[in-house]
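The data block below is coords07.cif; it holds mmCIF, C-alpha atoms.
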```cif
data_work
loop_
_atom_site.label_atom_id
_atom_site.label_comp_id
_atom_site.auth_asym_id
_atom_site.auth_seq_id
_atom_site.Cartn_x
_atom_site.Cartn_y
_atom_site.Cartn_z
CA MET A 1 180.91 185.65 140.14
CA ARG A 2 178.78 185.16 143.23
CA PRO A 3 177.52 181.59 142.46
CA ASN A 4 181.05 180.45 141.61
CA ARG A 5 182.38 181.96 144.84
CA THR A 6 179.70 180.19 146.87
CA ALA A 7 180.44 176.88 145.17
CA ALA A 8 184.15 177.30 145.82
CA ILE A 9 183.54 177.92 149.50
CA GLU A 10 181.36 174.82 149.79
CA ARG A 11 183.95 172.70 147.97
CA GLU A 12 186.53 173.76 150.51
CA GLY A 13 184.31 172.33 153.24
CA ARG A 14 183.33 175.64 154.79
CA VAL A 15 179.87 176.45 156.04
CA ALA A 16 177.38 177.87 153.54
CA GLU A 17 176.23 181.46 154.15
CA THR A 18 172.67 180.39 155.00
CA PRO A 19 172.69 177.52 157.52
CA THR A 20 170.40 174.62 156.68
CA PRO A 21 167.80 173.87 159.39
CA PRO A 22 168.70 170.62 161.23
CA ALA A 23 165.48 168.82 160.23
CA GLN A 24 166.08 169.65 156.59
CA LEU A 25 169.70 168.55 156.81
CA ALA A 26 168.67 165.24 158.42
CA ALA A 27 166.17 164.68 155.62
CA ARG A 28 168.83 165.37 152.98
CA ILE A 29 171.15 162.82 154.55
CA ILE A 30 168.40 160.18 154.68
CA ALA A 31 167.49 160.81 151.03
CA ARG A 32 171.08 160.11 149.96
CA CYS A 33 171.52 156.90 151.98
CA ASN A 34 171.99 153.61 150.15
CA ALA A 35 174.22 150.53 150.34
CA ARG A 36 177.21 152.41 148.94
CA GLN A 37 176.56 155.52 151.00
CA PRO A 38 175.64 154.26 154.47
CA ALA A 39 174.04 156.60 156.98
CA ASP A 40 176.94 156.58 159.45
CA LEU A 41 179.42 157.58 156.73
CA LEU A 42 177.19 160.34 155.33
CA LEU A 43 176.62 161.68 158.84
CA ARG A 44 180.35 161.89 159.56
CA GLN A 45 181.07 163.59 156.25
CA THR A 46 178.17 166.03 156.49
CA LEU A 47 178.73 167.05 160.10
CA ALA A 48 182.44 167.52 159.48
CA ARG A 49 181.66 170.05 156.74
CA ARG A 50 178.95 171.91 158.66
CA ARG A 51 181.18 173.68 161.12
CA ALA A 52 178.52 176.21 162.07
CA LEU A 53 176.41 173.50 163.72
CA THR A 54 176.47 173.48 167.51
CA PRO A 55 177.22 170.19 169.29
CA ASP A 56 173.56 169.96 170.29
CA GLN A 57 172.44 170.42 166.67
CA ALA A 58 174.90 167.79 165.43
CA ALA A 59 173.69 165.35 168.09
CA TRP A 60 170.04 166.05 167.17
CA ILE A 61 170.73 165.35 163.48
CA SER A 62 172.48 162.05 164.27
CA ARG A 63 169.66 160.99 166.57
CA ALA A 64 167.04 161.97 163.97
CA VAL A 65 168.69 160.06 161.12
CA PHE A 66 169.07 156.89 163.16
CA ALA A 67 165.55 157.18 164.59
CA TYR A 68 164.20 157.33 161.04
CA PHE A 69 165.83 154.01 160.10
CA ARG A 70 164.73 152.35 163.35
CA TRP A 71 161.09 153.34 162.92
CA GLN A 72 160.73 153.75 159.16
CA HIS A 73 158.16 150.95 158.78
CA TRP A 74 155.83 152.74 161.21
CA LEU A 75 155.95 156.05 159.31
CA ASP A 76 153.32 157.52 156.98
CA SER A 77 154.65 157.56 153.41
CA ASN A 78 152.25 160.41 152.58
CA GLN A 79 154.19 162.74 154.84
CA THR A 80 157.19 164.71 153.64
CA LEU A 81 160.58 163.31 154.60
CA GLU A 82 161.06 166.09 157.15
CA GLU A 83 157.69 165.26 158.71
CA ARG A 84 158.63 161.59 158.87
CA VAL A 85 161.87 162.51 160.64
CA GLU A 86 159.89 164.35 163.30
CA SER A 87 157.45 161.43 163.56
CA ALA A 88 160.31 158.96 164.01
CA LEU A 89 161.68 161.00 166.89
CA GLY A 90 158.22 160.99 168.46
CA LEU A 91 158.00 157.20 168.14
CA ALA A 92 161.43 156.83 169.67
CA GLN A 93 160.34 158.92 172.64
CA ARG A 94 157.17 156.88 173.03
CA PHE A 95 159.18 153.65 172.97
CA SER A 96 161.61 154.99 175.58
CA ALA A 97 158.70 155.86 177.86
CA GLY A 98 158.12 152.14 178.41
CA GLU A 99 154.42 152.02 177.54
CA GLY A 100 154.60 148.41 176.33
CA TRP A 101 154.43 149.54 172.72
CA PRO A 102 154.90 148.07 170.22
CA SER A 103 154.19 144.39 170.80
CA ASP A 104 156.94 141.82 170.34
CA ALA A 105 155.24 140.45 167.23
CA GLU A 106 155.01 143.92 165.67
CA LEU A 107 158.66 144.62 166.42
CA VAL A 108 159.86 141.39 164.82
CA GLU A 109 157.67 142.10 161.79
CA LYS A 110 158.69 145.73 161.23
CA ALA A 111 162.04 146.48 162.87
CA ILE A 112 164.20 143.96 160.98
CA PRO A 113 164.23 142.51 157.44
CA SER A 114 161.99 139.50 156.84
CA TRP A 115 164.93 137.30 155.77
CA VAL A 116 166.38 137.45 159.30
CA ALA A 117 163.63 135.09 160.52
CA GLU A 118 165.11 132.44 158.23
CA GLU A 119 168.42 132.75 160.11
CA ARG A 120 166.67 131.59 163.32
CA ILE A 121 167.87 134.49 165.45
CA ALA A 122 164.91 136.90 165.45
CA ASN A 123 164.05 136.70 169.15
CA ALA A 124 161.94 139.56 170.48
CA ALA A 125 164.37 140.55 173.26
CA TRP A 126 167.12 141.12 170.72
CA VAL A 127 164.89 143.10 168.35
CA ARG A 128 163.60 145.25 171.24
CA SER A 129 167.20 146.06 172.19
CA LEU A 130 167.84 147.29 168.64
CA GLN A 131 165.25 150.06 169.04
CA LYS A 132 166.99 151.66 172.00
CA ASP A 133 169.56 154.44 171.77
CA PRO A 134 172.98 152.77 171.97
CA VAL A 135 175.26 153.06 174.97
CA LEU A 136 178.59 154.85 174.57
CA TRP A 137 181.33 152.74 176.16
CA LEU A 138 184.85 153.81 177.07
CA ARG A 139 187.91 151.75 177.92
CA ALA A 140 190.33 153.46 180.28
CA ARG A 141 194.05 153.03 179.96
CA PRO A 142 195.26 150.98 182.94
CA SER A 143 195.62 153.11 186.10
CA SER A 144 193.67 156.01 184.51
CA ALA A 145 190.23 155.26 185.97
CA ALA A 146 190.52 157.62 188.93
CA VAL A 147 191.64 160.51 186.71
CA LEU A 148 188.69 159.96 184.34
CA MET A 149 186.19 159.76 187.18
CA GLN A 150 187.46 163.05 188.54
CA ALA A 151 187.41 164.69 185.09
CA PHE A 152 183.90 163.62 184.00
CA GLY A 153 182.14 163.03 187.30
CA PRO A 154 180.07 160.06 188.55
CA GLU A 155 176.90 161.25 186.81
CA ALA A 156 178.50 161.12 183.35
CA LEU A 157 180.84 158.18 183.88
CA VAL A 158 179.68 154.90 185.44
CA PRO A 159 181.96 151.86 185.87
CA GLY A 160 181.02 149.04 183.48
CA PRO A 161 180.95 145.25 183.89
CA LEU A 162 184.53 144.69 182.69
CA PRO A 163 187.84 145.94 184.09
CA ASP A 164 188.62 149.51 182.93
CA SER A 165 185.23 149.82 181.20
CA PHE A 166 182.92 152.80 181.65
CA ARG A 167 179.48 153.80 180.44
CA TYR A 168 179.44 157.44 179.33
CA SER A 169 176.26 159.55 179.40
CA GLY A 170 177.69 163.07 179.41
CA SER A 171 177.33 165.72 176.72
CA SER A 172 180.99 166.61 176.12
CA ASP A 173 182.62 166.08 172.75
CA LEU A 174 185.00 163.40 173.97
CA PHE A 175 187.37 163.71 171.03
CA VAL A 176 188.41 167.23 172.03
CA THR A 177 188.90 166.53 175.74
CA SER A 178 192.43 166.67 177.11
CA GLU A 179 191.94 163.20 178.58
CA PHE A 180 191.30 161.74 175.12
CA GLN A 181 194.18 163.66 173.54
CA GLU A 182 196.48 162.33 176.27
CA GLY A 183 195.42 158.76 175.52
CA LEU A 184 193.77 158.10 178.88
CA PHE A 185 190.84 156.29 177.24
CA GLU A 186 189.54 154.81 174.02
CA ILE A 187 185.96 154.77 172.77
CA GLN A 188 185.32 151.04 172.43
CA ASP A 189 182.10 149.04 172.63
CA ILE A 190 181.78 146.75 175.64
CA ALA A 191 181.46 143.61 173.46
CA SER A 192 184.67 144.54 171.68
CA GLN A 193 186.35 144.97 175.06
CA ALA A 194 185.08 141.51 176.04
CA VAL A 195 186.99 139.98 173.11
CA GLY A 196 190.24 141.30 174.58
CA HIS A 197 189.42 139.66 177.91
CA VAL A 198 188.66 136.37 176.15
CA CYS A 199 192.08 136.56 174.47
CA SER A 200 193.65 137.32 177.87
CA PRO A 201 197.18 137.85 176.52
CA ARG A 202 199.99 137.63 179.05
CA PRO A 203 202.96 140.02 179.33
CA GLY A 204 205.84 138.80 177.19
CA GLU A 205 203.71 136.86 174.70
CA VAL A 206 203.57 137.49 170.96
CA TRP A 207 200.10 137.93 169.43
CA TRP A 208 198.73 138.60 165.98
CA ASP A 209 195.60 140.70 165.47
CA ALA A 210 195.01 139.45 161.94
CA CYS A 211 192.12 141.76 160.96
CA ALA A 212 193.10 144.78 163.03
CA GLY A 213 191.21 147.49 161.18
CA GLU A 214 191.92 150.80 162.94
CA GLY A 215 193.30 148.95 165.94
CA GLY A 216 190.81 149.07 168.82
CA LYS A 217 191.48 145.47 169.81
CA THR A 218 195.20 145.77 169.03
CA LEU A 219 195.53 148.58 171.55
CA HIS A 220 193.56 146.62 174.13
CA LEU A 221 195.74 143.52 173.73
CA ALA A 222 198.89 145.61 173.97
CA ALA A 223 197.62 147.34 177.12
CA MET A 224 196.74 144.02 178.75
CA MET A 225 200.31 142.87 178.06
CA GLU A 226 201.56 145.85 180.09
CA GLY A 227 203.77 147.00 177.23
CA LYS A 228 205.75 143.72 177.32
CA GLY A 229 205.86 141.30 174.43
CA LEU A 230 204.50 142.22 171.00
CA VAL A 231 201.26 142.50 169.06
CA TRP A 232 201.42 142.26 165.27
CA ALA A 233 198.53 144.13 163.65
CA SER A 234 197.59 143.47 160.03
CA ASP A 235 194.92 144.69 157.66
CA ARG A 236 194.44 144.73 153.91
CA ALA A 237 193.89 148.52 153.89
CA ALA A 238 196.95 150.70 154.47
CA TRP A 239 194.80 153.68 155.49
CA ARG A 240 193.40 151.71 158.44
CA LEU A 241 196.91 150.89 159.61
CA ASP A 242 197.82 154.57 159.29
CA ARG A 243 194.89 155.34 161.56
CA LEU A 244 196.16 152.70 164.00
CA LYS A 245 199.56 154.40 164.00
CA GLN A 246 197.94 157.68 165.08
CA ARG A 247 195.83 156.00 167.76
CA ALA A 248 198.80 154.06 169.11
CA ALA A 249 200.88 157.21 169.43
CA ARG A 250 198.13 158.91 171.40
CA ALA A 251 197.65 155.82 173.60
CA HIS A 252 201.42 155.53 174.26
CA CYS A 253 201.31 152.00 172.82
CA PHE A 254 204.74 150.97 171.58
CA ASN A 255 204.66 147.14 171.77
CA HIS A 256 203.05 146.60 168.40
CA ARG A 257 204.00 146.26 164.73
CA ARG A 258 201.84 147.11 161.71
CA VAL A 259 201.90 145.20 158.45
CA GLU A 260 199.59 144.82 155.45
CA TRP A 261 198.01 141.39 154.84
CA ASP A 262 195.36 140.55 152.28
CA GLY A 263 194.15 137.39 154.03
CA GLY A 264 196.06 135.08 151.68
CA VAL A 265 197.97 131.88 152.36
CA GLU A 266 201.26 133.67 153.01
CA PRO A 267 201.30 135.19 156.52
CA PRO A 268 202.65 138.73 156.96
CA THR A 269 205.54 137.47 159.10
CA GLN A 270 207.29 134.15 159.76
CA THR A 271 206.74 134.56 163.50
CA GLU A 272 205.12 131.75 165.49
CA PHE A 273 202.51 133.22 167.79
CA ASP A 274 201.31 132.53 171.30
CA GLY A 275 197.91 133.79 170.22
CA VAL A 276 196.08 134.85 167.08
CA LEU A 277 192.89 136.92 167.01
CA VAL A 278 190.84 136.70 163.83
CA ASP A 279 188.25 139.45 164.26
CA ALA A 280 186.87 138.77 160.83
CA PRO A 281 184.88 140.99 158.44
CA CYS A 282 181.20 140.13 158.86
CA SER A 283 177.67 141.24 158.06
CA GLY A 284 177.61 143.39 161.21
CA MET A 285 174.20 142.23 162.43
CA GLY A 286 175.46 142.71 165.97
CA THR A 287 175.78 146.45 165.34
CA TRP A 288 172.25 147.02 164.04
CA GLY A 289 171.28 148.82 167.24
CA ARG A 290 174.09 151.33 166.77
CA ASN A 291 173.78 151.50 162.98
CA PRO A 292 170.11 150.89 162.08
CA HIS A 293 170.48 151.81 158.40
CA ALA A 294 172.60 148.68 157.91
CA ARG A 295 169.56 146.50 158.64
CA TRP A 296 168.03 147.56 155.34
CA THR A 297 171.14 147.21 153.18
CA THR A 298 172.49 143.86 154.43
CA THR A 299 171.34 140.84 152.40
CA PRO A 300 171.50 137.04 152.79
CA THR A 301 174.01 137.05 149.94
CA ASP A 302 176.30 139.28 152.03
CA VAL A 303 176.09 136.82 154.91
CA HIS A 304 177.13 133.81 152.87
CA GLU A 305 179.83 135.61 150.89
CA LEU A 306 181.36 136.86 154.13
CA ALA A 307 181.19 133.37 155.63
CA ALA A 308 183.47 132.16 152.82
CA ILE A 309 185.95 134.94 153.65
CA GLN A 310 185.82 134.03 157.34
CA ARG A 311 186.63 130.37 156.62
CA ASN A 312 189.67 131.37 154.57
CA LEU A 313 190.96 133.81 157.16
CA LEU A 314 190.80 131.18 159.91
CA ARG A 315 192.40 128.55 157.72
CA HIS A 316 195.26 130.84 156.67
CA ALA A 317 195.93 132.29 160.13
CA ALA A 318 195.82 129.04 162.11
CA PRO A 319 199.17 127.54 160.97
CA THR A 320 201.10 130.48 162.47
CA LEU A 321 200.38 129.35 166.04
CA LYS A 322 202.82 127.60 168.32
CA SER A 323 201.83 124.31 169.94
CA GLY A 324 199.72 125.34 172.90
CA GLY A 325 198.87 128.65 171.25
CA ARG A 326 195.32 130.02 171.25
CA LEU A 327 193.25 130.88 168.20
CA VAL A 328 190.40 133.33 168.86
CA TYR A 329 187.65 133.91 166.29
CA SER A 330 185.30 136.85 166.80
CA VAL A 331 182.62 138.51 164.69
CA CYS A 332 180.15 141.28 165.53
CA THR A 333 177.30 139.37 163.95
CA LEU A 334 174.70 136.84 165.05
CA SER A 335 173.86 134.77 161.96
CA PRO A 336 174.56 131.04 162.39
CA ALA A 337 176.27 130.95 158.98
CA GLU A 338 178.98 133.32 160.28
CA THR A 339 179.18 132.08 163.87
CA THR A 340 178.40 128.53 165.02
CA ALA A 341 178.64 127.07 161.51
CA ILE A 342 182.14 128.54 161.04
CA ALA A 343 183.30 127.27 164.44
CA GLU A 344 181.88 123.79 163.95
CA GLU A 345 183.39 123.45 160.48
CA PHE A 346 186.82 124.61 161.65
CA THR A 347 186.79 122.10 164.52
CA ALA A 348 185.81 119.26 162.17
CA LEU A 349 188.49 120.11 159.58
CA HIS A 350 191.36 120.84 161.97
CA PRO A 351 192.04 118.00 164.45
CA GLU A 352 195.28 119.77 165.42
CA PHE A 353 193.08 122.36 167.15
CA GLU A 354 191.01 121.58 170.23
CA PRO A 355 188.09 123.78 171.35
CA HIS A 356 189.34 125.71 174.39
CA PRO A 357 186.75 126.64 177.06
CA PHE A 358 187.05 130.18 178.42
CA ALA A 359 185.33 132.19 181.13
CA ASN A 360 182.48 134.50 180.18
CA PRO A 361 183.86 138.00 180.90
CA PHE A 362 180.35 139.17 181.81
CA ASP A 363 179.65 136.25 184.17
CA LEU A 364 182.77 134.74 185.70
CA LYS A 365 180.66 132.33 187.77
CA ALA A 366 179.19 130.67 184.68
CA ASP A 367 180.65 127.42 183.37
CA PRO A 368 183.42 128.01 180.80
CA ALA A 369 182.53 127.40 177.16
CA ALA A 370 184.56 127.15 173.94
CA ALA A 371 182.13 129.44 172.09
CA LEU A 372 179.80 132.18 173.34
CA THR A 373 177.39 134.74 171.91
CA PHE A 374 177.20 138.08 173.69
CA TRP A 375 173.68 139.42 173.09
CA PRO A 376 172.99 143.19 173.12
CA GLN A 377 170.03 142.79 175.46
CA ASP A 378 172.35 141.15 178.02
CA THR A 379 175.47 143.31 177.75
CA GLY A 380 174.23 146.72 176.61
CA GLY A 381 176.69 146.60 173.73
CA ASN A 382 176.95 145.15 170.25
CA GLY A 383 176.15 141.53 169.49
CA MET A 384 179.33 139.44 169.34
CA PHE A 385 180.27 135.79 168.81
CA VAL A 386 183.58 134.41 170.09
CA ALA A 387 185.14 130.94 169.75
CA VAL A 388 188.54 129.76 170.98
CA TRP A 389 190.79 126.80 170.10
CA GLU A 390 194.15 125.63 171.40
CA ARG A 391 196.76 124.12 169.09
CA ARG A 392 197.76 120.72 170.40
CA LEU A 393 199.20 118.72 167.55
CA LYS A 394 201.12 119.26 164.35
CA ALA A 395 198.86 116.96 162.35
CA ALA A 396 197.83 118.07 158.88
CA PRO A 397 194.31 119.49 158.61
CA VAL A 398 191.56 117.52 156.88
CA THR A 399 191.01 118.49 153.24
CA PRO A 400 187.47 119.81 152.69
CA THR A 401 185.26 117.87 150.31
CA ALA A 402 183.82 119.53 147.24
CA SER A 403 180.50 120.02 149.02
CA ALA A 404 182.04 121.73 152.09
#
```
Could you write out this structure as structure tokens?
Amino acid sequence: MRPNRTAAIEREGRVAETPTPPAQLAARIIARCNARQPADLLLRQTLARRRALTPDQAAWISRAVFAYFRWQHWLDSNQTLEERVESALGLAQRFSAGEGWPSDAELVEKAIPSWVAEERIANAAWVRSLQKDPVLWLRARPSSAAVLMQAFGPEALVPGPLPDSFRYSGSSDLFVTSEFQEGLFEIQDIASQAVGHVCSPRPGEVWWDACAGEGGKTLHLAAMMEGKGLVWASDRAAWRLDRLKQRAARAHCFNHRRVEWDGGVEPPTQTEFDGVLVDAPCSGMGTWGRNPHARWTTTPTDVHELAAIQRNLLRHAAPTLKSGGRLVYSVCTLSPAETTAIAEEFTALHPEFEPHPFANPFDLKADPAAALTFWPQDTGGNGMFVAVWERRLKAAPVTPTASA
């Protein structure tokens, strides 16, 4: 009966009687990682089940798994997986010490897939930024900054470059803090926050977050509108919208509507919008610093298949805008096929839309541009591309040729 009892306990998600050493648990997670079981997902699932782990142990395991995938091409394949985990942590520490190691050429050769060079984006500054531990960014609910500063202290919470943004370096589990439960802040990358400032919705307007996911940008848009007006949030996955519902309740966000949309020709509502945000699915190259395992599972085929989806989403969302309305396209990737190529093609095929220059949220003194790339080495966040158009005419779009 004993083995069956033990199995039953583990199936229920309880902690096994003999705790697994953290290094061994990290190695087990790494061994199971593949394209269908990404490291970030396996980490969340594993740590949620291992309730006996202390916060420090859970943090060590996460750091160890990600360090392995950052430094795996420097590791000795003759070592056991547990030994390689320890070696990866040592390399990460050496890199953080700022000894000038490794060289730029070695980083470009070993820290990213070889096919990335063909995308013409493999600059050394970007690759070096990928090897650093990522920054944890918070976005405060308007008028909550002073409360958060008092709760976490100036050593743990430092004001960021954007309004209501903060860089967090404390050790608390933020999800269990009373401030989080009361909706005083959201955990949101600084580049994602920048997209909201590019949109710059005004109180009383009606916006559509067409690819809302779990709603980080939806909540930001709604907050910037001061609870006035409306944000429609759509996604093809109902479970993501359910998650948005929970987040919105905690954030006291009531000026939004949720609706499923599969990205097809028919919009989810007949509303004409003042603004539409298409934060499209992408290859996620901009998140490779935060999620290093994805570097080794993303392929050129993924990039070009996603580019086709991005074109369709823009084409199907654009007609819902009013004259004078703004269309914002954002992707947390850096490949030209998903960024500049998409923007240039949309401009060429849609004369009813004019590229609309906007201020760089990170440098308000810079000249406005109709498209910008936010690089991780410059912002401390994810890589992000943003382009904006304004609808001027009601002319019919140009029909793509067969070769387009």
Pick from A:Ala248, A:Ala294, A:Ile342, A:Val278: nearest to Tyr329 of chain A, with only C-alpha atoms counted?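 Between A:Ala248, A:Ala294, A:Ile342, A:Val278, the residue approaching Tyr329 of chain A most closely is A:Val278.
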Tell me which of A:Gly216, A:Gly383, A:Pro300, A:Gly264 sits closest to Trp288 of chain A, counting only C-alpha atoms. A:Gly383
Please expand the PyMOL selection byres ((chain A and resi 57) around 12) into the concrete residues it hits in this file, giving the result as a PyMOL selection string. chain A and resi 19-26+47+50-56+58-64
If you measure from atom CA of Pro154 of chain A to atom CA of Val195 of chain A, what distance in Å do you get, rounded to one decimal? 26.3 Å
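Residues captured in this structure file are A:Ala210, A:Cys211, A:Ala212, A:Ser234, A:Asp235, A:Arg236, A:Ala237, A:Ala238, A:Val259, A:Glu260, A:Trp261, A:Gly263, A:Gly264, A:Val265, A:Glu266, A:Pro267, A:Pro268, A:Ile309, A:Asn312, A:Leu313, A:His316, A:Ala317, according to the PyMOL selection byres ((chain A and resi 262) around 12).
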Produce a file of the selected residues containing C-alpha atoms, as a CSV table (one decimal), in the frame of the given file.
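Generated file (result_17.csv):
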```
chain,number,residue,atom,x,y,z
A,210,ALA,CA,195.0,139.4,161.9
A,211,CYS,CA,192.1,141.8,161.0
A,212,ALA,CA,193.1,144.8,163.0
A,234,SER,CA,197.6,143.5,160.0
A,235,ASP,CA,194.9,144.7,157.7
A,236,ARG,CA,194.4,144.7,153.9
A,237,ALA,CA,193.9,148.5,153.9
A,238,ALA,CA,197.0,150.7,154.5
A,259,VAL,CA,201.9,145.2,158.4
A,260,GLU,CA,199.6,144.8,155.4
A,261,TRP,CA,198.0,141.4,154.8
A,263,GLY,CA,194.2,137.4,154.0
A,264,GLY,CA,196.1,135.1,151.7
A,265,VAL,CA,198.0,131.9,152.4
A,266,GLU,CA,201.3,133.7,153.0
A,267,PRO,CA,201.3,135.2,156.5
A,268,PRO,CA,202.6,138.7,157.0
A,309,ILE,CA,186.0,134.9,153.6
A,312,ASN,CA,189.7,131.4,154.6
A,313,LEU,CA,191.0,133.8,157.2
A,316,HIS,CA,195.3,130.8,156.7
A,317,ALA,CA,195.9,132.3,160.1
```
Output of the PyMOL selection byres ((chain A and resi 85-93) around 6), listed as a short mmCIF file (atom, residue, chain, number, x, y, z; two decimals) with C-alpha atoms, in the frame of the given file:
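Writing done, so here's expr_22.cif:
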```
data_model
loop_
_atom_site.label_atom_id
_atom_site.label_comp_id
_atom_site.auth_asym_id
_atom_site.auth_seq_id
_atom_site.Cartn_x
_atom_site.Cartn_y
_atom_site.Cartn_z
CA ALA A 67 165.55 157.18 164.59
CA TYR A 68 164.20 157.33 161.04
CA TRP A 71 161.09 153.34 162.92
CA GLU A 82 161.06 166.09 157.15
CA GLU A 83 157.69 165.26 158.71
CA ARG A 84 158.63 161.59 158.87
CA ARG A 94 157.17 156.88 173.03
CA PHE A 95 159.18 153.65 172.97
CA SER A 96 161.61 154.99 175.58
#
```
Looking at only C-alpha atoms, which of A:Lys132, A:Arg141, A:His220, A:Arg326 is the one that sits closest to Gln377 of chain A? A:Lys132
Which residue out of A:Arg128, A:Gly380, A:Cys33, A:Val276 has the minimum interatomic distance to Trp101 of chain A when all atoms listed in the file are used? A:Arg128
Writing C-alpha atoms and nothing else, produce segment 61-118 of chain A as a short mmCIF file (atom, residue, chain, number, x, y, z; two decimals), in the first residue's frame.
```cif
data_model
loop_
_atom_site.label_atom_id
_atom_site.label_comp_id
_atom_site.auth_asym_id
_atom_site.auth_seq_id
_atom_site.Cartn_x
_atom_site.Cartn_y
_atom_site.Cartn_z
CA ILE A 61 16.35 26.80 -8.67
CA SER A 62 14.93 29.40 -11.08
CA ARG A 63 18.28 31.18 -11.27
CA ALA A 64 20.11 27.87 -11.82
CA VAL A 65 17.82 26.70 -14.63
CA PHE A 66 18.06 29.99 -16.50
CA ALA A 67 21.82 30.23 -15.96
CA TYR A 68 22.20 26.79 -17.54
CA PHE A 69 20.46 27.89 -20.75
CA ARG A 70 22.40 31.17 -20.89
CA TRP A 71 25.78 29.47 -20.56
CA GLN A 72 25.14 25.97 -21.90
CA HIS A 73 27.59 26.31 -24.82
CA TRP A 74 30.43 27.02 -22.38
CA LEU A 75 29.75 23.90 -20.27
CA ASP A 76 31.64 20.60 -20.26
CA SER A 77 29.44 17.84 -21.69
CA ASN A 78 31.47 15.25 -19.76
CA GLN A 79 30.13 16.60 -16.48
CA THR A 80 26.88 15.39 -14.97
CA LEU A 81 23.88 17.67 -15.45
CA GLU A 82 24.03 18.70 -11.79
CA GLU A 83 27.70 19.60 -12.17
CA ARG A 84 26.92 21.65 -15.27
CA VAL A 85 24.23 23.53 -13.34
CA GLU A 86 26.79 24.48 -10.72
CA SER A 87 29.28 25.45 -13.44
CA ALA A 88 26.69 27.65 -15.15
CA LEU A 89 26.07 29.52 -11.91
CA GLY A 90 29.82 30.04 -11.57
CA LEU A 91 30.03 31.44 -15.10
CA ALA A 92 27.12 33.75 -14.41
CA GLN A 93 28.91 35.07 -11.34
CA ARG A 94 32.11 35.58 -13.29
CA PHE A 95 30.23 37.48 -15.99
CA SER A 96 28.53 39.69 -13.40
CA ALA A 97 31.91 40.55 -11.90
CA GLY A 98 32.70 42.57 -15.02
CA GLU A 99 36.04 40.99 -15.88
CA GLY A 100 35.64 41.64 -19.61
CA TRP A 101 34.85 37.99 -20.23
CA PRO A 102 33.78 36.64 -22.61
CA SER A 103 34.69 38.64 -25.70
CA ASP A 104 31.98 40.08 -27.91
CA ALA A 105 32.84 37.63 -30.68
CA GLU A 106 32.57 34.66 -28.32
CA LEU A 107 29.24 35.86 -27.00
CA VAL A 108 27.73 36.25 -30.47
CA GLU A 109 29.05 32.80 -31.40
CA LYS A 110 27.83 30.91 -28.32
CA ALA A 111 25.00 32.78 -26.59
CA ILE A 112 22.49 32.84 -29.47
CA PRO A 113 21.57 30.47 -32.32
CA SER A 114 23.64 30.78 -35.49
CA TRP A 115 20.58 31.59 -37.64
CA VAL A 116 20.09 34.89 -35.78
CA ALA A 117 23.12 36.35 -37.61
CA GLU A 118 21.16 35.95 -40.84
#
```
